[in-house]
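Beneath this line is the structure, given in structure tokens, with notes to follow.
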Amino acid sequence: MVGSDRRKWFALALILAVQFMTILDIAIVNVALPSIQVDLGFSQENLQWVISAYALVFGGFLLLGGRSADLLGRRRIFMVGTLLFTLGSLLCGLAWSETSLIAFRAVQGLGAATITPAALSILVATFAEGRERNIALGAWGAVGGVGAAAGVLFGGVLTDLLSWEWIFFVNVPVGIAALILTPFLLSESLDKHGQGFDIPGAILVTSGLSLLVLGITQGYGWGWGSAETVGVFVAAAVLLLSFVGWESRVKDPLVPFSIFRLQTLTAANVAGFIMGTALFAMFLMLTLYMQQVLGLSPIETGVGYLAVAGTAIIWANVAAAAVTRVGVKPALVFGMSLMTVGLLYFTQVSVEGSYWTDLLPGFLIIGLGMPFAYVSITIAAVAGTKPHEAGLASGLINTSQQIGGAVGIAILSTVAVTTTTDELATGTQQSVALTDGFQAAFWTGAAIAFVGVLVSLFLVRGRDLQQHEVGVAEPVLEPTG
């Protein structure tokens with residue numbers, strides 16, 4: 001439903017403010033992790049759950065959030081998501097232990113999974129197709145890049161000047177204001193032709209992936225052949241296989257597997273999963289290296305990240321134009337290759353290193369590669385889809401990126417912790433052992449990113465892309481880290 005001129009632009013401002021909050025909250029946490037670790041007594045292997053709990057629930061319930069918005073009312077679900085996110089933020093700031101913070105981060109993730117698809121649907125319903133909608137969608141896309149850049153800076157400032165709790169408390173007044181303004185600025189809309197819910201599907205996939213991440217992170221401590229580790233992996237496999245079986249039989253599945261008939265769409269989701277795997281984990285490892293080895297403060301770490309965020313923003317328009325000119329596949333190969341090179345550069349980080357020599361060149365390489373990879377993956381993810389499948393395809397690529405991030409953090413954290421623990425047991429100095437652990441993690445990340453290059457080269461098909469007009473892909477969330 002298209003609104004009056006003045007009201008709809010106020011509505012856009014509200015939608016973007018809430019979306020900015022959800023994007024900001026992913027990036028803002030990274031810089032504060034070492035402070036959270038000290039205050040709440042997180043172990044090195046469990047620290048990644050502060051990010052993974054959010055990403056797993058966000059990814060696992062994103063498609064269900066979109067379905068709920070269509071069936072129950074987009075404004076209503078937007079308000080429910082904002083309430084959940086605001087409450088989760090307040091509780092995160094009040095957290096008293098590892099378990100409590102992880103649980104409250106999951107509440108935040110559920111709120112974000114509800115807000116995002118509802119907000120995008122409201123935007124599309126508010127602005128008529130054409131110039132105005134393109135402006136609104138452009139602003140929506142810009143929020144992702146600005147939110148990521150602002151997050152790393154605000155995270156450092158708030159943690160340094162106040163405390164890590166304020167990276168969560170800052171969301172509370174924004175959320176309250178949004179809840180007050182929503183009934184006045186946003187109109188209700190729904191899709192009467194929408195399909196039914198698939199709550200069991202969302203629970204099965206999220207539970208299975210959570211157990212998978214748990215097994216990866218705890219396997220070293222429990223013993224890879226122990227009954228606990230084997231039992232967790234078996235349970236994860238049973239849940240994920242049950243999800244596949246359920247989705248193939250239920251009347252209105254969360255993920256209709258028929259959409260994977262398109263090879264390029266499937267390849268794009270694999271590439272998106274890999275990109276999330278590499279980026280989420282890379283930012284975690286670099287944050288810990290900068291603060292635990294180089295001794296940088298949170299605010300110095302946040303300012304340091306502006307190099308990669310700023311570079312990505314600067315090159316975003318160039319990447320979009322290049323994709324149109326040279327095609328999706330070459331741009332995707334170029335972007336994934338640069339990300340691989342950047343991760344390889346970080347394998348040389350050293351105990352006596354510096355930001356300017358050990359990190360900045362890699363940040364610039366990653367910052368250049370990210371927009372080329374992201375824009376290409378976004379377009380390939382909806383290539384060849386029918387109009388009624390575009391929303392599903394857009395939600396699916398977001399899900400792939402978020403879940404890939406959670407799995408990647410688990411894998412690289414385990415590699416780093418295992419290497420560090422083994423070296424400490426031999427009497428190696430702590431800073432040296434930590435650095436060797438980060439190096440091993442970056443080698444693993446580079447290998448994963450290289451698989452993304454191979455996927456781009458051999459699985460993305462030109463004829464699928466020719467069926468889809470480049471540059472008109474449905475918008476999706478920016479990858480964050």
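Residue numbering restarts at 1 for every chain of the structure tokens, chains are lettered A, B, ... in their displayed order, and ligands are numbered from 1 as they appear.
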
Which residues of range 51-112 of chain A sit at most 10 Å from range 158-178 of chain A, using only C-alpha atoms? Give each one's shortest atom pair and distance in Å (one decimal place), in chain and ascending residue order, as JSON lines.
{"residue": "A:Phe78", "atom": "CA", "partner": "A:Ala178", "partner_atom": "CA", "distance": 9.9}
{"residue": "A:Met79", "atom": "CA", "partner": "A:Ala178", "partner_atom": "CA", "distance": 8.2}
{"residue": "A:Gly81", "atom": "CA", "partner": "A:Gly175", "partner_atom": "CA", "distance": 9.9}
{"residue": "A:Thr82", "atom": "CA", "partner": "A:Gly175", "partner_atom": "CA", "distance": 6.1}
{"residue": "A:Leu83", "atom": "CA", "partner": "A:Gly175", "partner_atom": "CA", "distance": 7.0}
{"residue": "A:Leu84", "atom": "CA", "partner": "A:Gly175", "partner_atom": "CA", "distance": 9.4}
{"residue": "A:Phe85", "atom": "CA", "partner": "A:Gly175", "partner_atom": "CA", "distance": 7.7}
{"residue": "A:Thr86", "atom": "CA", "partner": "A:Val172", "partner_atom": "CA", "distance": 5.3}
{"residue": "A:Leu87", "atom": "CA", "partner": "A:Val172", "partner_atom": "CA", "distance": 7.6}
{"residue": "A:Gly88", "atom": "CA", "partner": "A:Phe168", "partner_atom": "CA", "distance": 8.6}
{"residue": "A:Ser89", "atom": "CA", "partner": "A:Phe168", "partner_atom": "CA", "distance": 4.9}
{"residue": "A:Leu90", "atom": "CA", "partner": "A:Phe169", "partner_atom": "CA", "distance": 5.7}
{"residue": "A:Leu91", "atom": "CA", "partner": "A:Phe168", "partner_atom": "CA", "distance": 8.4}
{"residue": "A:Cys92", "atom": "CA", "partner": "A:Phe168", "partner_atom": "CA", "distance": 6.3}
{"residue": "A:Gly93", "atom": "CA", "partner": "A:Glu165", "partner_atom": "CA", "distance": 4.4}
{"residue": "A:Leu94", "atom": "CA", "partner": "A:Glu165", "partner_atom": "CA", "distance": 7.2}
{"residue": "A:Ala95", "atom": "CA", "partner": "A:Glu165", "partner_atom": "CA", "distance": 8.5}
{"residue": "A:Arg105", "atom": "CA", "partner": "A:Phe168", "partner_atom": "CA", "distance": 9.9}

Find the residues of range 40-91 of chain A that sit at most 12 Å from range 255-258 of chain A; for each, write down the nearest two atoms and how far apart they are in Å, to one decimal. Count only C-alpha atoms. Sort by chain, then by number going up, and give it as JSON lines.
{"residue": "A:Gly60", "atom": "CA", "partner": "A:Val255", "partner_atom": "CA", "distance": 11.1}
{"residue": "A:Phe61", "atom": "CA", "partner": "A:Val255", "partner_atom": "CA", "distance": 11.5}
{"residue": "A:Leu62", "atom": "CA", "partner": "A:Val255", "partner_atom": "CA", "distance": 11.2}
{"residue": "A:Leu63", "atom": "CA", "partner": "A:Val255", "partner_atom": "CA", "distance": 8.0}
{"residue": "A:Leu64", "atom": "CA", "partner": "A:Val255", "partner_atom": "CA", "distance": 9.6}
{"residue": "A:Arg67", "atom": "CA", "partner": "A:Val255", "partner_atom": "CA", "distance": 11.1}

Residues of range 120-337 of chain A in alpha helix (DSSP H) according to DSSP, as a VMD selection string?
-> chain A and resid 120 to 126 131 to 161 166 to 169 171 to 185 199 to 222 227 to 249 263 to 288 298 to 326 328 to 337

CA of Ala416 in chain A and CA of Gln218 in chain A are how many Å apart?
->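 A separation of 12.9 Å between them.
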
Of the candidates A:Glu98, A:Glu188, A:Glu45, A:Asp252, which shows the shortest atom-to-atom distance to Thr217 in chain A, using only C-alpha atoms?
->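 Looking only at the distances to Thr217 in chain A, the closest residue turns out to be A:Glu45.
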
Would you kindly return, as an MDAnalysis selection string, each protein, DNA or RNA residue with an atom no farther than 12 Å from any atom of Ala55 in chain A, considering only C-alpha atoms and excluding same-chain residues fewer than 5 positions away?
-> chainID A and resid 22:23 25:27 48:50 60:62 102 105:113 206 209:210 213 276:277 280:281 398:410 479:481

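Our summary of the geometry notes that CA of Leu186 in chain A is positioned 27.9 Å from CA of Phe104 in chain A.
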
Between range 189-300 of chain A and range 356-378 of chain A, at 12 Å or less, what are the per-residue closest atom pairs and their distances in Å? Count only C-alpha atoms, order by chain and rising residue number, and return it as a Markdown table.
| residue | atom | partner | partner_atom | distance |
| --- | --- | --- | --- | --- |
| A:Thr264 | CA | A:Ile377 | CA | 9.7 |
| A:Leu265 | CA | A:Ile377 | CA | 8.9 |
| A:Thr266 | CA | A:Ile377 | CA | 10.6 |
| A:Ala267 | CA | A:Ile377 | CA | 8.9 |
| A:Ala268 | CA | A:Ile377 | CA | 5.4 |
| A:Asn269 | CA | A:Ile377 | CA | 7.7 |
| A:Val270 | CA | A:Ile377 | CA | 9.6 |
| A:Ala271 | CA | A:Ile377 | CA | 7.1 |
| A:Gly272 | CA | A:Ile377 | CA | 6.5 |
| A:Phe273 | CA | A:Ile377 | CA | 10.3 |
| A:Ile274 | CA | A:Ala373 | CA | 10.9 |
| A:Met275 | CA | A:Ala373 | CA | 8.1 |
| A:Gly276 | CA | A:Tyr374 | CA | 10.2 |
| A:Ala278 | CA | A:Ile366 | CA | 10.8 |
| A:Leu279 | CA | A:Met370 | CA | 9.1 |
| A:Met282 | CA | A:Ile366 | CA | 10.3 |
| A:Phe283 | CA | A:Phe363 | CA | 10.3 |
| A:Met285 | CA | A:Leu359 | CA | 11.9 |
| A:Leu286 | CA | A:Leu359 | CA | 8.6 |
| A:Thr287 | CA | A:Leu359 | CA | 11.0 |
| A:Tyr289 | CA | A:Leu359 | CA | 10.2 |
| A:Met290 | CA | A:Leu359 | CA | 9.1 |
| A:Leu294 | CA | A:Asp358 | CA | 10.3 |

Written selection (N, CA and C atoms) as a JSON list (two decimals), in the first residue's frame:
[["chain", "number", "residue", "atom", "x", "y", "z"],
["A", 264, "THR", "N", 23.01, -22.37, -10.62],
["A", 264, "THR", "CA", 23.70, -21.14, -10.24],
["A", 264, "THR", "C", 23.17, -20.61, -8.91],
["A", 265, "LEU", "N", 21.86, -20.71, -8.68],
["A", 265, "LEU", "CA", 21.32, -20.31, -7.38],
["A", 265, "LEU", "C", 21.94, -21.15, -6.27],
["A", 266, "THR", "N", 22.04, -22.46, -6.51],
["A", 266, "THR", "CA", 22.66, -23.34, -5.51],
["A", 266, "THR", "C", 24.12, -22.95, -5.28],
["A", 267, "ALA", "N", 24.84, -22.71, -6.38],
["A", 267, "ALA", "CA", 26.24, -22.32, -6.27],
["A", 267, "ALA", "C", 26.39, -20.99, -5.52],
["A", 268, "ALA", "N", 25.47, -20.05, -5.76],
["A", 268, "ALA", "CA", 25.53, -18.76, -5.07],
["A", 268, "ALA", "C", 25.34, -18.93, -3.57],
["A", 269, "ASN", "N", 24.44, -19.85, -3.17],
["A", 269, "ASN", "CA", 24.24, -20.08, -1.75],
["A", 269, "ASN", "C", 25.45, -20.77, -1.12],
["A", 270, "VAL", "N", 26.08, -21.66, -1.86],
["A", 270, "VAL", "CA", 27.32, -22.27, -1.37],
["A", 270, "VAL", "C", 28.40, -21.20, -1.22],
["A", 271, "ALA", "N", 28.52, -20.33, -2.22],
["A", 271, "ALA", "CA", 29.51, -19.25, -2.17],
["A", 271, "ALA", "C", 29.19, -18.28, -1.03],
["A", 272, "GLY", "N", 27.89, -17.98, -0.84],
["A", 272, "GLY", "CA", 27.49, -17.10, 0.26],
["A", 272, "GLY", "C", 27.80, -17.72, 1.61],
["A", 273, "PHE", "N", 27.56, -19.03, 1.73],
["A", 273, "PHE", "CA", 27.91, -19.75, 2.96],
["A", 273, "PHE", "C", 29.41, -19.64, 3.21],
["A", 274, "ILE", "N", 30.21, -19.84, 2.17],
["A", 274, "ILE", "CA", 31.67, -19.78, 2.30],
["A", 274, "ILE", "C", 32.12, -18.37, 2.65],
["A", 275, "MET", "N", 31.53, -17.36, 2.00],
["A", 275, "MET", "CA", 31.89, -15.98, 2.30],
["A", 275, "MET", "C", 31.59, -15.65, 3.76],
["A", 276, "GLY", "N", 30.43, -16.07, 4.25],
["A", 276, "GLY", "CA", 30.10, -15.86, 5.66],
["A", 276, "GLY", "C", 31.07, -16.59, 6.56],
["A", 278, "ALA", "N", 34.21, -17.35, 6.02],
["A", 278, "ALA", "CA", 35.52, -16.70, 6.04],
["A", 278, "ALA", "C", 35.47, -15.35, 6.75],
["A", 279, "LEU", "N", 34.46, -14.52, 6.45],
["A", 279, "LEU", "CA", 34.44, -13.16, 6.96],
["A", 279, "LEU", "C", 34.14, -13.08, 8.45],
["A", 282, "MET", "N", 37.13, -14.37, 10.31],
["A", 282, "MET", "CA", 38.30, -13.50, 10.14],
["A", 282, "MET", "C", 38.23, -12.31, 11.09],
["A", 283, "PHE", "N", 37.07, -11.67, 11.18],
["A", 283, "PHE", "CA", 36.94, -10.51, 12.06],
["A", 283, "PHE", "C", 37.12, -10.89, 13.52],
["A", 285, "MET", "N", 39.00, -13.44, 14.71],
["A", 285, "MET", "CA", 40.41, -13.73, 14.92],
["A", 285, "MET", "C", 41.25, -12.44, 14.93],
["A", 286, "LEU", "N", 40.95, -11.52, 14.04],
["A", 286, "LEU", "CA", 41.70, -10.27, 13.97],
["A", 286, "LEU", "C", 41.47, -9.41, 15.21],
["A", 287, "THR", "N", 40.25, -9.40, 15.72],
["A", 287, "THR", "CA", 39.96, -8.65, 16.95],
["A", 287, "THR", "C", 40.79, -9.17, 18.11],
["A", 289, "TYR", "N", 43.57, -10.94, 17.94],
["A", 289, "TYR", "CA", 44.99, -10.69, 17.68],
["A", 289, "TYR", "C", 45.35, -9.25, 18.02],
["A", 290, "MET", "N", 44.52, -8.30, 17.58],
["A", 290, "MET", "CA", 44.85, -6.89, 17.81],
["A", 290, "MET", "C", 44.89, -6.55, 19.30],
["A", 294, "LEU", "N", 48.81, -7.60, 19.96],
["A", 294, "LEU", "CA", 49.36, -6.27, 19.70],
["A", 294, "LEU", "C", 49.08, -5.29, 20.83]]

Could you name the residues that touch Thr421 in chain A at 9 Å or less, counting only C-alpha atoms, but leaving out those on the same chain fewer than 4 positions away, as a list in words?
->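 Once the nearby chain positions are removed, what remains is Ala416, Val417, Ala425, Thr426, Ala433, Leu434 and Gly437 of chain A.
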
Residues of the last selection are to be written out with all heavy atoms, as a JSON list (two decimals), in the first residue's frame.
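Once written, selection_12.json looks like this:
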[["chain", "number", "residue", "atom", "x", "y", "z"],
["A", 416, "ALA", "N", 42.30, -22.35, 16.15],
["A", 416, "ALA", "CA", 43.16, -21.42, 16.90],
["A", 416, "ALA", "C", 43.38, -21.91, 18.34],
["A", 416, "ALA", "O", 44.52, -21.92, 18.83],
["A", 416, "ALA", "CB", 42.55, -20.03, 16.89],
["A", 417, "VAL", "N", 42.30, -22.29, 19.01],
["A", 417, "VAL", "CA", 42.40, -22.71, 20.41],
["A", 417, "VAL", "C", 43.20, -24.00, 20.52],
["A", 417, "VAL", "O", 44.04, -24.15, 21.43],
["A", 417, "VAL", "CB", 40.99, -22.90, 21.01],
["A", 417, "VAL", "CG1", 41.05, -23.60, 22.36],
["A", 417, "VAL", "CG2", 40.30, -21.56, 21.15],
["A", 425, "ALA", "N", 51.17, -26.10, 26.24],
["A", 425, "ALA", "CA", 51.52, -27.31, 26.99],
["A", 425, "ALA", "C", 52.99, -27.66, 26.87],
["A", 425, "ALA", "O", 53.55, -28.36, 27.72],
["A", 425, "ALA", "CB", 50.66, -28.48, 26.49],
["A", 426, "THR", "N", 53.64, -27.16, 25.82],
["A", 426, "THR", "CA", 55.08, -27.42, 25.63],
["A", 426, "THR", "C", 55.95, -26.31, 26.20],
["A", 426, "THR", "O", 57.17, -26.33, 26.02],
["A", 426, "THR", "CB", 55.40, -27.59, 24.14],
["A", 426, "THR", "OG1", 55.15, -26.34, 23.46],
["A", 426, "THR", "CG2", 54.57, -28.69, 23.52],
["A", 433, "ALA", "N", 52.21, -18.47, 21.39],
["A", 433, "ALA", "CA", 51.22, -19.53, 21.19],
["A", 433, "ALA", "C", 49.92, -18.96, 20.61],
["A", 433, "ALA", "O", 49.31, -19.56, 19.71],
["A", 433, "ALA", "CB", 50.94, -20.24, 22.51],
["A", 434, "LEU", "N", 49.49, -17.80, 21.12],
["A", 434, "LEU", "CA", 48.29, -17.17, 20.58],
["A", 434, "LEU", "C", 48.46, -16.82, 19.11],
["A", 434, "LEU", "O", 47.58, -17.07, 18.28],
["A", 434, "LEU", "CB", 47.97, -15.90, 21.38],
["A", 434, "LEU", "CG", 47.31, -16.09, 22.75],
["A", 434, "LEU", "CD1", 47.30, -14.76, 23.51],
["A", 434, "LEU", "CD2", 45.90, -16.62, 22.61],
["A", 437, "GLY", "N", 48.31, -19.76, 16.91],
["A", 437, "GLY", "CA", 46.93, -20.21, 16.77],
["A", 437, "GLY", "C", 46.18, -19.38, 15.75],
["A", 437, "GLY", "O", 45.44, -19.92, 14.92]]

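CA of Leu204 in chain A is positioned 7.2 Å from CA of Ser242 in chain A.
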
Neighbours of Leu254 in chain A within 8 Å (only C-alpha atoms; same-chain residues fewer than 4 positions away dropped), as a list in words?
->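 Selected residues are Leu63, Leu64, Phe197, Asp198, Gly201, Ala202 and Glu247 of chain A.
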
Since we have the selection now, will you write its residues out, keeping C-alpha atoms, as a PDB file, in the first residue's frame?
ATOM      1  CA  LEU A  63      12.570 -17.459   6.457  1.00  0.00           C
ATOM      2  CA  LEU A  64       9.973 -18.191   9.142  1.00  0.00           C
ATOM      3  CA  PHE A 197       3.808 -21.735   8.866  1.00  0.00           C
ATOM      4  CA  ASP A 198       6.629 -24.229   9.198  1.00  0.00           C
ATOM      5  CA  GLY A 201      11.283 -26.877  10.115  1.00  0.00           C
ATOM      6  CA  ALA A 202      12.830 -23.760  11.662  1.00  0.00           C
ATOM      7  CA  GLU A 247      10.715 -30.290   4.320  1.00  0.00           C
TER       8      GLU A 247
END

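Closest approach to Phe458 in chain A among A:Val432, A:Leu179, A:Leu332, A:Leu392: A:Leu332, based on only C-alpha atoms.
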
Of A:Pro200, A:Leu12, A:Gln292, A:Val38, the one sitting nearest Gly245 in chain A when using only C-alpha atoms is A:Pro200
